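One file, work_13.csv, is given below (CSV, C-alpha atoms and all ligand atoms).
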```
chain,number,residue,atom,x,y,z
K,24,MET,CA,0.0,0.0,0.0
K,25,CYS,CA,1.2,3.5,-0.8
K,26,ASP,CA,2.1,6.0,1.9
K,27,PRO,CA,-0.6,8.5,2.6
K,28,ILE,CA,-0.1,12.0,1.1
K,29,SER,CA,1.2,14.4,3.8
K,30,PHE,CA,-0.5,17.8,3.9
K,31,ALA,CA,0.1,21.1,5.6
K,32,ILE,CA,-2.2,24.1,5.7
K,33,VAL,CA,-1.3,27.8,5.9
K,34,GLY,CA,-4.2,29.9,7.1
K,35,MET,CA,-6.5,28.1,9.5
K,36,GLY,CA,-9.5,30.4,9.2
K,37,MET,CA,-12.9,29.4,7.8
K,38,LEU,CA,-11.6,27.7,4.7
K,39,GLY,CA,-8.4,26.3,6.2
K,40,LYS,CA,-10.5,24.4,8.8
K,41,SER,CA,-12.8,23.0,6.1
K,42,HIS,CA,-9.8,21.8,4.1
K,43,ALA,CA,-8.4,20.2,7.3
K,44,GLU,CA,-11.6,18.3,7.8
K,45,VAL,CA,-11.3,16.8,4.2
K,46,ILE,CA,-7.7,15.8,4.8
K,47,LEU,CA,-8.3,14.3,8.2
K,48,ASN,CA,-11.3,12.3,7.0
K,49,HIS,CA,-9.6,10.9,3.8
K,50,PRO,CA,-8.0,7.4,4.1
K,51,SER,CA,-5.1,8.3,1.8
K,52,SER,CA,-4.1,11.6,3.3
K,53,GLN,CA,-2.6,12.8,6.6
K,54,LEU,CA,-2.5,16.3,8.0
K,55,VAL,CA,1.0,16.8,9.5
K,56,ALA,CA,1.0,20.5,10.3
K,57,VAL,CA,-1.0,23.7,10.3
K,58,CYS,CA,0.1,27.3,10.4
K,59,ASP,CA,-1.7,30.5,11.4
K,60,LEU,CA,-0.6,33.8,12.8
K,61,ASP,CA,-3.3,33.4,15.4
K,62,ARG,CA,-1.7,31.1,18.0
K,63,HIS,CA,-4.9,30.6,19.9
K,64,GLN,CA,-6.7,29.4,16.7
K,65,ILE,CA,-4.2,26.7,15.9
K,66,ASP,CA,-3.7,25.6,19.5
K,67,MET,CA,-7.4,25.0,19.8
K,68,PHE,CA,-7.3,23.0,16.6
K,69,CYS,CA,-4.3,20.9,17.6
K,70,ARG,CA,-5.7,20.2,21.0
K,71,THR,CA,-8.5,18.2,19.3
K,72,ASN,CA,-6.2,16.8,16.6
K,73,SER,CA,-3.1,15.9,18.6
K,74,SER,CA,-1.1,14.3,15.7
K,75,VAL,CA,-1.1,17.7,13.9
K,76,HIS,CA,1.8,20.1,14.6
K,77,PRO,CA,1.0,23.8,15.1
K,78,TYR,CA,3.2,26.6,13.7
K,79,THR,CA,2.9,30.4,13.5
K,80,ASP,CA,5.6,30.7,10.9
K,81,TYR,CA,5.2,28.8,7.6
K,82,ARG,CA,8.9,29.0,6.8
K,83,THR,CA,9.7,27.0,9.9
K,84,MET,CA,6.9,24.6,9.1
K,85,PHE,CA,8.1,24.0,5.6
K,86,THR,CA,11.7,23.3,6.7
K,87,THR,CA,10.8,21.2,9.7
K,88,GLU,CA,8.1,18.9,8.4
K,89,LYS,CA,8.0,16.4,5.6
K,90,ILE,CA,5.2,17.8,3.4
K,91,ASP,CA,3.9,16.5,0.0
K,92,VAL,CA,1.2,19.1,-0.5
K,93,VAL,CA,0.6,22.6,1.0
K,94,ILE,CA,-2.9,24.2,1.0
K,95,VAL,CA,-2.7,28.0,1.1
K,96,ALA,CA,-5.9,29.4,2.6
K,97,THR,CA,-4.8,32.9,3.8
K,98,PRO,CA,-6.9,35.9,2.8
K,99,ASP,CA,-7.1,36.9,-0.9
K,100,ALA,CA,-4.1,39.3,-0.9
K,101,TYR,CA,-1.8,37.0,1.0
K,102,HIS,CA,-1.4,33.9,-1.1
K,103,LYS,CA,1.9,34.8,-2.9
K,104,ASP,CA,4.4,34.7,0.0
K,105,PRO,CA,3.5,31.3,1.4
K,106,ILE,CA,3.4,29.9,-2.1
K,107,LEU,CA,6.9,31.3,-3.0
K,108,GLN,CA,8.2,30.0,0.3
K,109,ALA,CA,6.8,26.5,-0.2
K,110,LEU,CA,8.4,26.4,-3.7
K,111,GLU,CA,11.7,27.5,-2.3
K,112,SER,CA,11.5,24.7,0.3
K,113,GLY,CA,11.1,22.2,-2.4
K,114,ILE,CA,7.4,21.4,-2.1
K,115,LYS,CA,6.1,20.3,-5.5
K,116,THR,CA,2.3,20.4,-5.1
K,117,ILE,CA,0.3,23.4,-3.8
K,118,ILE,CA,-3.4,23.9,-3.6
K,119,CYS,CA,-4.3,27.6,-3.4
K,120,GLU,CA,-7.7,29.0,-2.4
K,121,LYS,CA,-9.1,31.3,-5.1
K,122,PRO,CA,-7.9,33.8,-6.4
K,123,LEU,CA,-4.3,33.0,-7.1
K,124,SER,CA,-3.5,36.6,-6.3
K,125,THR,CA,-5.1,40.0,-6.3
K,126,ASN,CA,-2.9,41.4,-9.0
K,127,LEU,CA,-1.3,40.1,-12.2
K,128,LYS,CA,2.3,41.0,-11.2
K,129,ASP,CA,2.0,38.6,-8.2
K,130,ALA,CA,0.3,35.9,-10.4
K,131,GLU,CA,3.1,36.1,-12.9
K,132,GLU,CA,5.8,36.0,-10.2
K,133,ILE,CA,4.2,32.8,-8.8
K,134,ALA,CA,3.9,31.2,-12.2
K,135,LYS,CA,7.6,31.9,-13.0
K,136,ALA,CA,8.7,30.4,-9.7
K,137,ALA,CA,6.4,27.4,-10.0
K,138,LYS,CA,7.6,26.6,-13.6
K,139,GLU,CA,11.3,27.0,-12.5
K,140,ALA,CA,10.7,24.7,-9.6
K,141,ASN,CA,8.8,22.2,-11.8
K,142,ALA,CA,5.9,22.3,-9.3
K,143,SER,CA,2.2,22.1,-9.7
K,144,ILE,CA,-0.4,24.6,-8.4
K,145,TYR,CA,-4.1,23.9,-8.3
K,146,LEU,CA,-6.7,26.6,-7.6
K,147,CYS,CA,-9.9,26.1,-5.7
K,148,PHE,CA,-12.9,27.1,-7.8
K,149,MET,CA,-15.9,25.2,-6.6
K,150,LEU,CA,-18.5,26.5,-9.3
K,151,ARG,CA,-16.9,24.1,-11.8
K,152,MET,CA,-18.2,21.2,-9.8
K,153,SER,CA,-21.8,22.4,-9.8
K,154,PRO,CA,-23.8,19.8,-11.9
K,155,PHE,CA,-25.7,22.6,-13.6
K,156,ASN,CA,-22.6,24.4,-14.7
K,157,ARG,CA,-21.2,21.1,-16.0
K,158,ALA,CA,-24.5,20.5,-17.8
K,159,ILE,CA,-24.3,23.9,-19.5
K,160,ARG,CA,-20.7,23.3,-20.5
K,161,ALA,CA,-21.7,19.9,-22.0
K,162,LEU,CA,-24.4,21.6,-24.1
K,163,VAL,CA,-22.1,24.4,-25.3
K,164,LYS,CA,-19.4,21.8,-26.2
K,165,SER,CA,-21.8,19.7,-28.2
K,166,GLN,CA,-23.0,22.8,-30.2
K,167,VAL,CA,-26.6,21.5,-30.3
K,168,LEU,CA,-27.9,24.9,-29.2
K,169,GLY,CA,-26.4,26.7,-32.2
K,170,SER,CA,-24.1,29.7,-31.9
K,171,PHE,CA,-23.8,31.4,-28.5
K,172,LEU,CA,-25.0,35.0,-28.8
K,173,HIS,CA,-24.9,36.7,-25.4
K,174,GLY,CA,-25.6,36.2,-21.7
K,175,GLU,CA,-25.5,37.5,-18.2
K,176,PHE,CA,-24.1,36.1,-14.9
K,177,VAL,CA,-24.9,37.6,-11.5
K,178,ASN,CA,-23.0,36.6,-8.4
K,179,ASP,CA,-23.9,38.6,-5.3
K,180,ASP,CA,-23.3,38.4,-1.6
K,181,SER,CA,-25.4,39.8,1.2
K,182,TYR,CA,-24.2,42.8,3.2
K,183,PHE,CA,-23.5,40.3,6.0
K,184,VAL,CA,-20.3,39.3,4.2
K,185,PRO,CA,-18.3,42.6,4.4
K,186,THR,CA,-19.7,43.5,7.8
K,187,GLU,CA,-20.0,40.4,9.9
K,188,TYR,CA,-19.0,37.2,8.1
K,189,TRP,CA,-15.4,37.2,9.6
K,190,GLY,CA,-16.6,38.5,13.0
K,191,ASP,CA,-14.5,41.5,14.3
K,192,ARG,CA,-12.1,41.1,11.4
K,193,SER,CA,-14.8,41.6,8.7
K,194,LYS,CA,-14.1,45.3,8.0
K,195,GLU,CA,-10.4,44.8,7.7
K,196,TRP,CA,-10.9,41.7,5.5
K,197,ALA,CA,-13.3,43.6,3.2
K,198,MET,CA,-11.0,46.5,2.8
K,199,LYS,CA,-8.2,44.2,1.5
K,200,SER,CA,-10.5,42.4,-0.9
K,201,SER,CA,-13.7,43.4,-2.9
K,202,PRO,CA,-16.5,41.6,-4.7
K,203,ILE,CA,-14.3,41.8,-7.8
K,204,HIS,CA,-11.7,39.6,-6.1
K,205,PHE,CA,-13.9,37.6,-3.9
K,206,LEU,CA,-16.9,36.9,-6.3
K,207,PHE,CA,-15.9,37.9,-9.9
K,208,SER,CA,-13.0,35.5,-9.6
K,209,HIS,CA,-15.6,32.7,-9.4
K,210,THR,CA,-17.7,34.2,-12.2
K,211,VAL,CA,-14.7,34.7,-14.6
K,212,ASP,CA,-13.4,31.2,-13.9
K,213,CYS,CA,-16.8,29.6,-14.3
K,214,LEU,CA,-17.5,31.4,-17.6
K,215,ARG,CA,-14.0,30.3,-18.9
K,216,TYR,CA,-14.9,26.8,-17.9
K,217,ILE,CA,-18.4,26.8,-19.6
K,218,PHE,CA,-17.3,28.5,-22.8
K,219,ASN,CA,-13.9,26.9,-23.2
K,220,PRO,CA,-11.9,27.4,-25.4
K,221,ARG,CA,-13.3,31.0,-25.9
K,222,GLU,CA,-11.3,33.7,-24.1
K,223,VAL,CA,-12.3,37.2,-23.1
K,224,GLU,CA,-10.8,39.7,-25.5
K,225,LYS,CA,-11.9,43.1,-24.2
K,226,LEU,CA,-14.2,44.5,-21.6
K,227,TYR,CA,-15.7,47.5,-20.0
K,228,SER,CA,-16.5,47.8,-16.3
K,229,LEU,CA,-18.1,50.2,-13.9
K,230,GLY,CA,-17.7,50.0,-10.2
K,231,LYS,CA,-18.8,51.9,-7.2
K,232,GLN,CA,-17.8,52.3,-3.5
K,233,GLU,CA,-20.8,52.0,-1.2
K,234,GLY,CA,-19.2,52.4,2.2
K,235,THR,CA,-17.4,49.2,3.3
K,236,GLY,CA,-13.9,50.7,2.8
K,237,SER,CA,-13.2,48.4,-0.1
K,238,GLU,CA,-12.1,49.8,-3.4
K,239,CYS,CA,-15.4,48.6,-4.9
K,240,ASP,CA,-18.6,47.2,-3.4
K,241,TYR,CA,-20.6,46.9,-6.6
K,242,CYS,CA,-19.4,46.2,-10.2
K,243,GLU,CA,-20.8,45.4,-13.6
K,244,ALA,CA,-18.7,44.5,-16.6
K,245,LEU,CA,-19.3,43.7,-20.2
K,246,LEU,CA,-17.0,40.9,-21.4
K,247,VAL,CA,-16.5,40.7,-25.2
K,248,TRP,CA,-15.2,37.2,-26.2
K,249,ASP,CA,-13.0,36.3,-29.1
K,250,ASP,CA,-16.0,34.8,-31.0
K,251,GLY,CA,-17.8,38.2,-30.7
K,252,SER,CA,-20.3,37.0,-28.1
K,253,VAL,CA,-20.9,39.3,-25.1
K,254,ILE,CA,-21.6,38.5,-21.4
K,255,ARG,CA,-22.7,41.0,-18.8
K,256,ILE,CA,-21.4,40.1,-15.4
K,257,LYS,CA,-22.5,41.8,-12.1
K,258,THR,CA,-21.4,41.5,-8.5
K,259,GLU,CA,-21.9,43.2,-5.2
K,260,TRP,CA,-21.7,42.5,-1.5
K,261,MET,CA,-24.3,45.1,-0.4
K,262,ARG,CA,-27.5,43.1,-1.1
K,263,LYS,CA,-30.0,43.3,1.7
K,264,ILE,CA,-31.1,39.7,1.3
K,265,ARG,CA,-31.8,36.9,3.8
K,266,THR,CA,-29.4,34.4,2.3
K,267,LEU,CA,-25.6,34.8,2.0
K,268,VAL,CA,-25.2,34.3,-1.7
K,269,GLU,CA,-27.4,34.8,-4.8
K,270,THR,CA,-26.2,33.5,-8.2
K,271,TYR,CA,-28.0,33.2,-11.5
K,272,SER,CA,-27.1,33.2,-15.2
K,273,VAL,CA,-29.0,33.5,-18.4
K,274,PHE,CA,-27.5,32.6,-21.8
K,275,THR,CA,-29.0,33.1,-25.3
K,276,PHE,CA,-28.1,30.8,-28.1
K,277,GLU,CA,-29.3,30.7,-31.7
K,278,LYS,CA,-31.7,27.8,-31.0
K,279,ALA,CA,-32.3,27.9,-27.3
K,280,GLY,CA,-32.3,30.0,-24.1
K,281,ILE,CA,-30.8,28.9,-20.8
K,282,ILE,CA,-31.7,30.1,-17.3
K,283,HIS,CA,-29.8,28.9,-14.3
K,284,ARG,CA,-30.4,29.8,-10.7
K,285,SER,CA,-28.0,28.2,-8.3
K,286,THR,CA,-29.0,29.6,-4.9
K,287,ASP,CA,-32.4,29.9,-3.3
K,288,ALA,CA,-32.7,33.5,-2.2
K,289,ALA,CA,-35.5,33.9,-4.7
K,290,GLY,CA,-36.7,30.3,-5.1
K,291,PRO,CA,-35.2,26.8,-5.4
K,292,SER,CA,-32.2,26.2,-7.6
K,293,PHE,CA,-32.8,24.8,-11.1
K,294,LEU,CA,-31.5,24.8,-14.7
K,295,ARG,CA,-34.0,25.3,-17.6
K,296,ILE,CA,-33.3,25.2,-21.3
K,297,ASP,CA,-36.1,26.5,-23.5
K,298,PHE,CA,-36.6,25.6,-27.2
K,299,ASN,CA,-39.0,26.4,-30.1
K,300,ASP,CA,-38.0,23.2,-31.9
K,301,LYS,CA,-38.7,19.8,-30.4
K,302,ASN,CA,-36.0,18.2,-32.5
K,303,VAL,CA,-33.4,20.5,-30.9
K,304,LEU,CA,-34.7,19.6,-27.5
K,305,ASP,CA,-34.4,15.9,-28.3
K,306,GLU,CA,-30.7,16.4,-29.4
K,307,ALA,CA,-30.0,18.4,-26.2
K,308,GLU,CA,-31.6,15.8,-24.0
K,309,ALA,CA,-29.5,13.1,-25.6
K,310,VAL,CA,-26.3,15.1,-24.8
K,311,LEU,CA,-27.4,15.6,-21.2
K,312,GLN,CA,-28.3,11.9,-20.8
K,313,SER,CA,-25.0,10.8,-22.2
K,314,GLU,CA,-23.3,12.9,-19.5
K,315,GLY,CA,-25.4,11.3,-16.8
K,316,PHE,CA,-27.9,14.2,-16.2
K,317,THR,CA,-31.6,13.7,-15.7
K,318,ALA,CA,-33.9,16.3,-17.4
K,319,ARG,CA,-37.7,16.6,-17.4
K,320,THR,CA,-39.5,17.7,-20.5
K,321,GLU,CA,-42.1,20.4,-20.1
K,322,ILE,CA,-44.5,21.7,-22.8
K,323,ALA,CA,-46.1,25.1,-22.6
K,324,PRO,CA,-48.0,25.5,-25.9
K,325,LYS,CA,-49.1,29.1,-25.4
K,326,THR,CA,-45.6,30.5,-24.8
K,327,PHE,CA,-42.9,31.6,-27.3
K,328,ALA,CA,-40.5,28.8,-26.4
K,329,LYS,CA,-42.9,25.9,-26.2
K,330,TYR,CA,-40.6,23.2,-25.0
K,331,SER,CA,-38.3,23.1,-22.0
K,332,LEU,CA,-35.8,20.7,-20.4
K,333,VAL,CA,-35.7,21.2,-16.6
K,334,LEU,CA,-33.0,19.9,-14.4
K,335,LEU,CA,-33.6,19.8,-10.6
K,336,PRO,CA,-31.0,19.5,-7.9
K,337,GLU,CA,-32.6,16.5,-6.3
K,338,GLU,CA,-32.4,14.6,-9.6
K,339,ASN,CA,-28.9,15.7,-10.4
K,340,ARG,CA,-26.8,15.1,-7.3
K,341,ALA,CA,-23.5,17.1,-7.1
K,342,PRO,CA,-20.3,15.3,-6.1
K,343,LYS,CA,-19.0,17.0,-3.0
K,344,SER,CA,-17.6,20.2,-4.3
K,345,PHE,CA,-16.8,22.3,-1.2
K,346,PRO,CA,-14.1,22.8,-0.2
K,347,SER,CA,-12.4,22.1,-3.5
K,348,SER,CA,-9.6,20.0,-1.8
K,349,THR,CA,-12.3,17.3,-1.8
K,350,TYR,CA,-12.0,16.7,-5.6
K,351,ILE,CA,-8.4,18.0,-6.0
K,352,LEU,CA,-7.3,15.3,-3.6
K,353,ASP,CA,-9.1,12.6,-5.6
K,354,TYR,CA,-7.4,14.0,-8.7
K,355,LEU,CA,-4.0,13.8,-7.0
K,356,LEU,CA,-4.7,10.2,-6.1
K,357,GLY,CA,-5.3,9.3,-9.8
K,358,ASP,CA,-9.1,9.7,-10.1
K,359,HIS,CA,-9.4,11.9,-13.2
K,360,THR,CA,-13.3,11.8,-13.5
K,361,HIS,CA,-13.5,15.5,-12.9
K,362,GLU,CA,-10.3,16.5,-14.7
K,363,GLU,CA,-12.1,19.3,-16.6
K,364,SER,CA,-13.0,20.9,-13.2
K,365,ILE,CA,-9.4,21.1,-12.1
K,366,VAL,CA,-7.9,24.6,-12.4
K,367,ASP,CA,-4.2,24.5,-12.9
K,368,LEU,CA,-1.7,27.4,-12.7
K,369,ASP,CA,-2.3,28.7,-16.2
K,370,GLY,CA,-6.1,28.8,-15.5
K,371,GLY,CA,-5.4,30.7,-12.2
K,372,VAL,CA,-3.2,33.2,-14.0
K,373,GLU,CA,-5.7,33.8,-16.8
K,374,GLN,CA,-8.5,34.4,-14.3
K,375,VAL,CA,-6.3,37.0,-12.5
K,376,ARG,CA,-5.5,38.6,-15.9
K,377,ILE,CA,-9.2,39.2,-16.6
K,378,ILE,CA,-9.8,40.5,-13.1
K,379,GLU,CA,-6.9,42.9,-13.5
K,380,ALA,CA,-8.5,44.2,-16.7
K,381,ILE,CA,-11.8,44.7,-15.0
K,382,LEU,CA,-10.1,46.7,-12.2
K,383,GLN,CA,-8.2,48.7,-14.8
K,384,SER,CA,-11.3,49.5,-16.9
K,385,MET,CA,-13.2,50.5,-13.7
K,386,ARG,CA,-10.3,52.8,-12.6
K,387,LEU,CA,-9.9,54.4,-16.0
K,388,ASP,CA,-13.6,54.4,-16.9
K,389,LYS,CA,-12.6,53.1,-20.4
K,390,PRO,CA,-12.8,49.8,-22.3
K,391,VAL,CA,-9.6,47.8,-22.1
K,392,VAL,CA,-8.2,44.9,-24.1
K,393,VAL,CA,-7.4,42.1,-21.7
K,394,GLY,CA,-3.6,42.0,-21.2
K,395,HIS,CA,-3.1,45.7,-21.9
K,396,CYS,CA,-4.9,48.9,-21.6
K,397,LEU,CA,-6.2,50.6,-24.8
K,398,ASP,CA,-4.2,53.7,-23.9
K,399,ASP,CA,-0.9,51.7,-23.9
C,1,LIG,N1,-15.0,32.2,3.4
C,1,LIG,C1,-15.5,31.7,2.2
C,1,LIG,O1,-16.8,31.6,2.1
C,1,LIG,C2,-14.6,31.4,1.1
C,1,LIG,C3,-15.1,30.6,0.1
C,1,LIG,C4,-14.3,30.3,-0.9
C,1,LIG,C5,-13.0,30.7,-0.9
C,1,LIG,N2,-12.5,31.4,0.0
C,1,LIG,C6,-11.1,31.9,-0.1
C,1,LIG,O2,-10.3,31.2,0.9
C,1,LIG,C7,-9.3,32.1,1.4
C,1,LIG,C8,-9.4,32.2,2.9
C,1,LIG,O3,-10.6,32.7,3.3
C,1,LIG,P1,-11.2,32.6,4.7
C,1,LIG,O4,-12.6,33.0,4.6
C,1,LIG,O5,-10.9,31.2,5.3
C,1,LIG,O6,-10.4,33.7,5.5
C,1,LIG,P2,-10.1,33.8,7.1
C,1,LIG,O7,-9.7,35.2,7.3
C,1,LIG,O8,-11.2,33.2,7.9
C,1,LIG,O9,-8.8,32.9,7.3
C,1,LIG,C9,-7.5,33.2,6.9
C,1,LIG,C10,-6.5,32.8,7.9
C,1,LIG,O10,-5.2,33.1,7.4
C,1,LIG,C11,-4.4,33.5,8.5
C,1,LIG,N3,-3.2,34.2,8.0
C,1,LIG,C12,-3.1,35.4,7.4
C,1,LIG,N4,-1.9,35.6,7.1
C,1,LIG,C13,-1.1,34.6,7.5
C,1,LIG,C14,0.2,34.2,7.4
C,1,LIG,N5,1.1,35.0,6.9
C,1,LIG,N6,0.6,33.0,8.0
C,1,LIG,C15,-0.3,32.2,8.5
C,1,LIG,N7,-1.6,32.5,8.6
C,1,LIG,C16,-2.0,33.6,8.1
C,1,LIG,C17,-5.4,34.4,9.3
C,1,LIG,O11,-4.9,34.6,10.7
C,1,LIG,C18,-6.7,33.7,9.2
C,1,LIG,O12,-6.9,32.8,10.3
C,1,LIG,C19,-9.5,33.4,0.7
C,1,LIG,O13,-8.6,33.5,-0.4
C,1,LIG,C20,-11.0,33.4,0.2
C,1,LIG,O14,-11.2,34.1,-0.9
C,1,LIG,C21,-13.3,31.8,1.1
```

Structure translated into structure tokens:
Amino acid sequence: MCDPISFAIVGMGMLGKSHAEVILNHPSSQLVAVCDLDRHQIDMFCRTNSSVHPYTDYRTMFTTEKIDVVIVATPDAYHKDPILQALESGIKTIICEKPLSTNLKDAEEIAKAAKEANASIYLCFMLRMSPFNRAIRALVKSQVLGSFLHGEFVNDDSYFVPTEYWGDRSKEWAMKSSPIHFLFSHTVDCLRYIFNPREVEKLYSLGKQEGTGSECDYCEALLVWDDGSVIRIKTEWMRKIRTLVETYSVFTFEKAGIIHRSTDAAGPSFLRIDFNDKNVLDEAEAVLQSEGFTARTEIAPKTFAKYSLVLLPEENRAPKSFPSSTYILDYLLGDHTHEESIVDLDGGVEQVRIIEAILQSMRLDKPVVVGHCLDD
């Protein structure tokens, strides 16, 4: 039998603890050490998990312990240093919470160091494991819906997030991040996943401060893709809603329309694909069935789009997707069932490149070409 994979975690806050649970409960992995600046936090954790060694300095942890994989779960702006340090210590596999970094310069520095060290970095983007996003991707890939024309994707948090989610630390946390880094990172990665191999070519964004102290509390952007299609994306963390998150997307194709609601602030989650032509529905249903999805057919004779395929969460169970170490660990152990949902270093850098362009366009109040400003 192979030795278990030895893990260490840097950043034992909300996400670090979820990753720890995954590692501790997996038969082929062991958690050897954890690190956090907050001594109290890790002492409490290690008291109930006595085989795990606590550290407040990741440099010491990396040089003292035998570590196969490091999980970096520090706040958004603090991923670079532990990653560079892990690479320097010879660790070859790193799992990093999204986003890779909050600016392109850091992302490129990380990429250069990882390539020189011949190391692998995987990013945690859980929307790729949502069954409905996977179903939309399968339909796009099959081309049965005809050309993709345009769409919109909304990913919002409630006001609870920048004000109370991290307790007393919330304001400081929010000031160092923004819905652009925290939520658009998911949106951008999810759209690159669904519409692969298309890439965002240029964009125009508009953002607004609304009082949390972050650079931006609300942002909309128009993404123009290299096939000419356009997607409007919107995010905020100011919504006065009961639930934490609200996410929905609408996509218009030549032969069909898609509506996807993935959280239940305004009703249960579902994916619906509407058609005028029953033959196109039959082709789409065959694609979904071949990928293991269950879709119900609905007929509404008096409406414009008479035929629909409806996918419900209870009939399309998700593999466990949160935290993302769940399926990245399976991947590292040789199970490549969800390989398309794995985000590698290049995917992490591309996502940051688009976020950087969104920030640049918002600051300049001008459209920008991804990768360089139009003024350049
Ligand atoms: N909270 C969520 O819902 C959520 C969801 C998905 C992804 N993420 C991502 O996960 C990451 C972590 O988020 P979180 O909510 O767990 O944050 P958190 O603030 O709860 O935890 C971060 C921890 O990192 C520690 N830390 C900071 N600098 C450190 C350093 N130099 N050395 C060691 N420890 C250090 C902090 O003390 C803190 O305990 C972020 O990038 C975030 O975007 C969070």

task = Provide the CA of Ala130 in chain K to CA of Ala96 in chain K distance in Å, to one decimal place.
result =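 Spanning CA of Ala130 in chain K to CA of Ala96 in chain K is a straight-line distance of 15.8 Å.
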
task = May I have the protein, DNA and RNA residues with any atom at most 9 Å from the point (-11.3, 31.5, -3.6), counting only C-alpha atoms, written as a PyMOL selection string?
result = chain K and resi 96+98-99+119-123+146-149+204-206+208-209

key: Nearby polymer residues, ligand LIG 1 (chain C), at most 7 Å, all atoms listed in the file, as a ChimeraX atom specification   = /K:33-39,58-61,79-81,96-99,101,120-122,189,196,205

Excluding Ala318 in chain K and its own-chain neighbours fewer than 3 positions away, which residues fall within 6 Å of it when counting all atoms listed in the file? Please give them as a compact mmCIF listing (two decimals) with C-alpha atoms, in the frame of the given file.
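The result, stored in part-v3.txt:
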```
# COMPACT_ATOMS: atom_id res chain seq x y z
CA LEU K 332 -35.80 20.70 -20.40
CA VAL K 333 -35.70 21.20 -16.60
CA LEU K 334 -33.00 19.90 -14.40
```

For range 62-181 of chain K versus range 216-228 of chain K, which residues have an atom no more than 12 Å away, and what is each residue's nearest atom pair and distance in Å rounded to one decimal, using only C-alpha atoms, chain-then-number order, as JSON lines?
```
{"residue": "K:Phe148", "atom": "CA", "partner": "K:Tyr216", "partner_atom": "CA", "distance": 10.3}
{"residue": "K:Met149", "atom": "CA", "partner": "K:Tyr216", "partner_atom": "CA", "distance": 11.5}
{"residue": "K:Leu150", "atom": "CA", "partner": "K:Tyr216", "partner_atom": "CA", "distance": 9.3}
{"residue": "K:Arg151", "atom": "CA", "partner": "K:Tyr216", "partner_atom": "CA", "distance": 7.0}
{"residue": "K:Met152", "atom": "CA", "partner": "K:Tyr216", "partner_atom": "CA", "distance": 10.4}
{"residue": "K:Ser153", "atom": "CA", "partner": "K:Ile217", "partner_atom": "CA", "distance": 11.3}
{"residue": "K:Pro154", "atom": "CA", "partner": "K:Ile217", "partner_atom": "CA", "distance": 11.7}
{"residue": "K:Phe155", "atom": "CA", "partner": "K:Ile217", "partner_atom": "CA", "distance": 10.3}
{"residue": "K:Asn156", "atom": "CA", "partner": "K:Ile217", "partner_atom": "CA", "distance": 6.9}
{"residue": "K:Arg157", "atom": "CA", "partner": "K:Ile217", "partner_atom": "CA", "distance": 7.3}
{"residue": "K:Ala158", "atom": "CA", "partner": "K:Ile217", "partner_atom": "CA", "distance": 9.0}
{"residue": "K:Ile159", "atom": "CA", "partner": "K:Ile217", "partner_atom": "CA", "distance": 6.6}
{"residue": "K:Arg160", "atom": "CA", "partner": "K:Ile217", "partner_atom": "CA", "distance": 4.3}
{"residue": "K:Ala161", "atom": "CA", "partner": "K:Ile217", "partner_atom": "CA", "distance": 8.0}
{"residue": "K:Leu162", "atom": "CA", "partner": "K:Ile217", "partner_atom": "CA", "distance": 9.1}
{"residue": "K:Val163", "atom": "CA", "partner": "K:Phe218", "partner_atom": "CA", "distance": 6.8}
{"residue": "K:Lys164", "atom": "CA", "partner": "K:Phe218", "partner_atom": "CA", "distance": 7.8}
{"residue": "K:Ser165", "atom": "CA", "partner": "K:Phe218", "partner_atom": "CA", "distance": 11.3}
{"residue": "K:Gln166", "atom": "CA", "partner": "K:Phe218", "partner_atom": "CA", "distance": 10.9}
{"residue": "K:Ser170", "atom": "CA", "partner": "K:Phe218", "partner_atom": "CA", "distance": 11.4}
{"residue": "K:Phe171", "atom": "CA", "partner": "K:Phe218", "partner_atom": "CA", "distance": 9.1}
{"residue": "K:Leu172", "atom": "CA", "partner": "K:Phe218", "partner_atom": "CA", "distance": 11.7}
{"residue": "K:His173", "atom": "CA", "partner": "K:Phe218", "partner_atom": "CA", "distance": 11.5}
{"residue": "K:Gly174", "atom": "CA", "partner": "K:Phe218", "partner_atom": "CA", "distance": 11.4}
{"residue": "K:Phe176", "atom": "CA", "partner": "K:Ile217", "partner_atom": "CA", "distance": 11.9}
```

ask   = From the list K:Met84, K:Val273, K:Leu127, K:Ala136, which residue is nearest Glu175 in chain K when using only C-alpha atoms?
value =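 Among K:Met84, K:Val273, K:Leu127, K:Ala136, it is K:Val273 that comes nearest to Glu175 in chain K.
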
inquiry  = Just the number, please: distance in Å from CA of Val392 in chain K to CA of Ile377 in chain K, one decimal.
reply    = 9.5 Å

key: CA of Gly234 in chain K to CA of Phe183 in chain K, distance in Å rounded to a single decimal   =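 Spanning CA of Gly234 in chain K to CA of Phe183 in chain K is a straight-line distance of 13.4 Å.
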
request  = Please determine the residues with any atom at most 12 Å from (-39.6, 20.6, -23.1) (coordinates as given in the file, with all atoms listed in the file counting) and report them as an MDAnalysis selection string.
outcome  = chainID K and resid 279:280 295:308 318:324 326 328:334

task = For Ile133 in chain K, list every protein, DNA or RNA residue within 12 Å, evaluated using all atoms listed in the file, and leave out those in the same chain fewer than 3 positions away; present the list as number ranges by chain.
result = K: 102-111, 117, 119, 123-124, 126-130, 136-144, 368-369, 371-372, 375

task = Tell me which of K:His49, K:Val93, K:Met67, K:Leu214 sits closest to Phe30 in chain K, counting only C-alpha atoms.
result =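 Closest candidate: K:Val93.
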
inquiry  = Which residues are near Ser272 in chain K? Cut-off 9 Å, all atoms listed in the file, ignore same chain within fewer than 4 positions. Put them as a list in words.
reply    =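 That gives Gly174, Glu175, Phe176, Val177, Asn178, Ile256, Ile281, Ile282, His283, Arg284 and Ser285 of chain K.
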